[in-house]
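Only one structure is covered here, and it is reproduced in the block below.
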Amino acid sequence: MEIIEIRIEYPSGMSITDRASYLADSGHVYPSERLQAVLREFCVSEAPPVASAVIDGANVQLDSRTDGTFAIGASTDDGSNRSLIAIAIQPFSKPTKDQRQQIGRFLHTLSAAAFLGAVGVWHSTSVWTFADIKLEASLVGAFVLTFVQGMIAIKGE
């Protein structure tokens, strides 16, 4: 059993913050008798409240049960507790549709630059050495790779 912070918010603007017991095995939150009495009193004159708690560093919504306890609901974490590294890699690990399209456009720009570089090397080289062939092959490979990845990324849902 763990002691957690619980927050009850009513549509009228009233907020109640208290501590409650959290039993991880069952996923239930047990508020104090005092808080249960207050909630019963307010249910007569107030609209149903929204209950939330911080459990293991994540904000979770609490669903009211008939016996006066709460069950763990959906996570309401807005991402404000995420590290800078997690925020920086999010567009690449779990990109949204708009982020995928922007990445696809960026890859197409790189593809065009690699293509123009390959054409430039082709026209400016009169004697082909191993280094020139390697440069041309890397530019053509970069063109193909970024073009295909850009097409995959820009495809959308």
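Convention: chains lettered A, B, ... in structure tokens order; per-chain residue numbering from 1; ligands numbered from 1 as shown.
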Determine, counting only C-alpha atoms, which protein, DNA and RNA residues have an atom within 8 Å of an atom of Tyr10 in chain A; residues of the same chain fewer than 5 positions away are not included. Present the result as a PyMOL selection string.
-> chain A and resi 15+46-50
C-alpha atoms of the current selection, written as a short mmCIF file (atom, residue, chain, number, x, y, z; two decimals), in the first residue's frame:
```cif
data_model
loop_
_atom_site.label_atom_id
_atom_site.label_comp_id
_atom_site.auth_asym_id
_atom_site.auth_seq_id
_atom_site.Cartn_x
_atom_site.Cartn_y
_atom_site.Cartn_z
CA SER A 15 -10.47 21.91 -5.67
CA GLU A 46 -22.35 20.09 -7.11
CA ALA A 47 -21.85 18.51 -10.51
CA PRO A 48 -19.72 15.36 -10.55
CA PRO A 49 -16.03 16.09 -9.92
CA VAL A 50 -12.93 15.06 -11.83
#
```
Can you pull out every residue within 10 Å of Ile133 in chain A, counting only C-alpha atoms, but drop anything in the same chain fewer than 5 positions away, and send it as an MDAnalysis selection string?
-> chainID A and resid 121:122 125 128 138:139
Export C-alpha atoms of the chosen residues as a PDB file, in the first residue's frame?
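Below you can see part26.pdb, which holds the result:
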```pdb
ATOM      1  CA  VAL A 121      30.725  15.500 -59.874  1.00  0.00           C
ATOM      2  CA  TRP A 122      29.858  13.639 -63.079  1.00  0.00           C
ATOM      3  CA  THR A 125      35.428  14.988 -63.460  1.00  0.00           C
ATOM      4  CA  TRP A 128      38.015   9.106 -62.920  1.00  0.00           C
ATOM      5  CA  SER A 138      28.055   7.702 -52.236  1.00  0.00           C
ATOM      6  CA  LEU A 139      26.101  10.631 -53.714  1.00  0.00           C
TER       7      LEU A 139
END
```
At what distance in Å, to one decimal, does CA of Arg40 in chain A lie from CA of Ser64 in chain A?
-> 11.9 Å
Compile the contact shell of range 29-32 of chain A as a PDB file with C-alpha atoms, in the first residue's frame: residues with an atom at most 9 Å away, counting only C-alpha atoms, same-chain residues fewer than 6 positions apart removed.
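Okay, part_33.pdb is ready:
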```pdb
ATOM      1  CA  ILE A   4      -0.458   9.219  -2.810  1.00  0.00           C
ATOM      2  CA  ILE A   6      -5.321  12.875  -4.767  1.00  0.00           C
ATOM      3  CA  ASP A  18      -5.786  15.207   0.049  1.00  0.00           C
ATOM      4  CA  ARG A  19      -3.827  12.029   0.551  1.00  0.00           C
ATOM      5  CA  ALA A  20      -5.190   8.562  -0.122  1.00  0.00           C
ATOM      6  CA  SER A  21      -4.031   4.972   0.027  1.00  0.00           C
ATOM      7  CA  TYR A  22      -3.172   3.263  -3.248  1.00  0.00           C
ATOM      8  CA  LEU A  23      -3.184  -0.510  -3.523  1.00  0.00           C
ATOM      9  CA  LEU A  62      -9.424   8.313 -11.182  1.00  0.00           C
ATOM     10  CA  GLY A  68     -16.560   5.403  -2.310  1.00  0.00           C
ATOM     11  CA  THR A  69     -13.185   4.311  -3.643  1.00  0.00           C
ATOM     12  CA  PHE A  70     -11.565   5.148  -6.964  1.00  0.00           C
ATOM     13  CA  ALA A  71     -10.217   2.981  -9.775  1.00  0.00           C
ATOM     14  CA  ILE A  72      -7.223   3.936 -11.898  1.00  0.00           C
TER      15      ILE A  72
END
```
For each of A:Ser93, A:Ala112, A:Ala118, A:Thr66, take the minimum atom-to-atom distance to Lys134 in chain A, counting only C-alpha atoms, then give the residue where this is smallest.
-> A:Ala118
A:Glu5, A:Ala137, A:Ala37, A:Leu116: which is nearest Gly57 in chain A, counting only C-alpha atoms?
->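 For Gly57 in chain A, the nearest of the given residues is A:Glu5.
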Pick out the closest residue to Asp132 in chain A from this set: A:Gly120, A:Asn59, A:His108, A:Thr146. Count only C-alpha atoms.
->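 Ranking A:Gly120, A:Asn59, A:His108, A:Thr146 by distance to Asp132 in chain A, first place goes to A:Gly120.
In this structure, CA of Leu84 in chain A sits 29.3 Å away from CA of Leu145 in chain A.
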Alpha helix (DSSP H) residues, from DSSP on the backbone, in range 25-152 of chain A, as a PyMOL selection string = chain A and resi 33-42+84-93+97-124+130-152
From the list A:Leu110, A:Arg65, A:Pro11, A:Ala153, which residue is nearest Lys97 in chain A when using only C-alpha atoms?
->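 Closest to Lys97 in chain A, using only C-alpha atoms: A:Ala153.
With CA of Leu107 in chain A on one side and CA of Gly141 in chain A on the other, the separation reads 13.3 Å.
Among the candidates A:Phe42, A:Phe147, A:Thr109, A:Ile3, the residue lying nearest to Asp56 in chain A is A:Ile3 (atoms considered: only C-alpha atoms).
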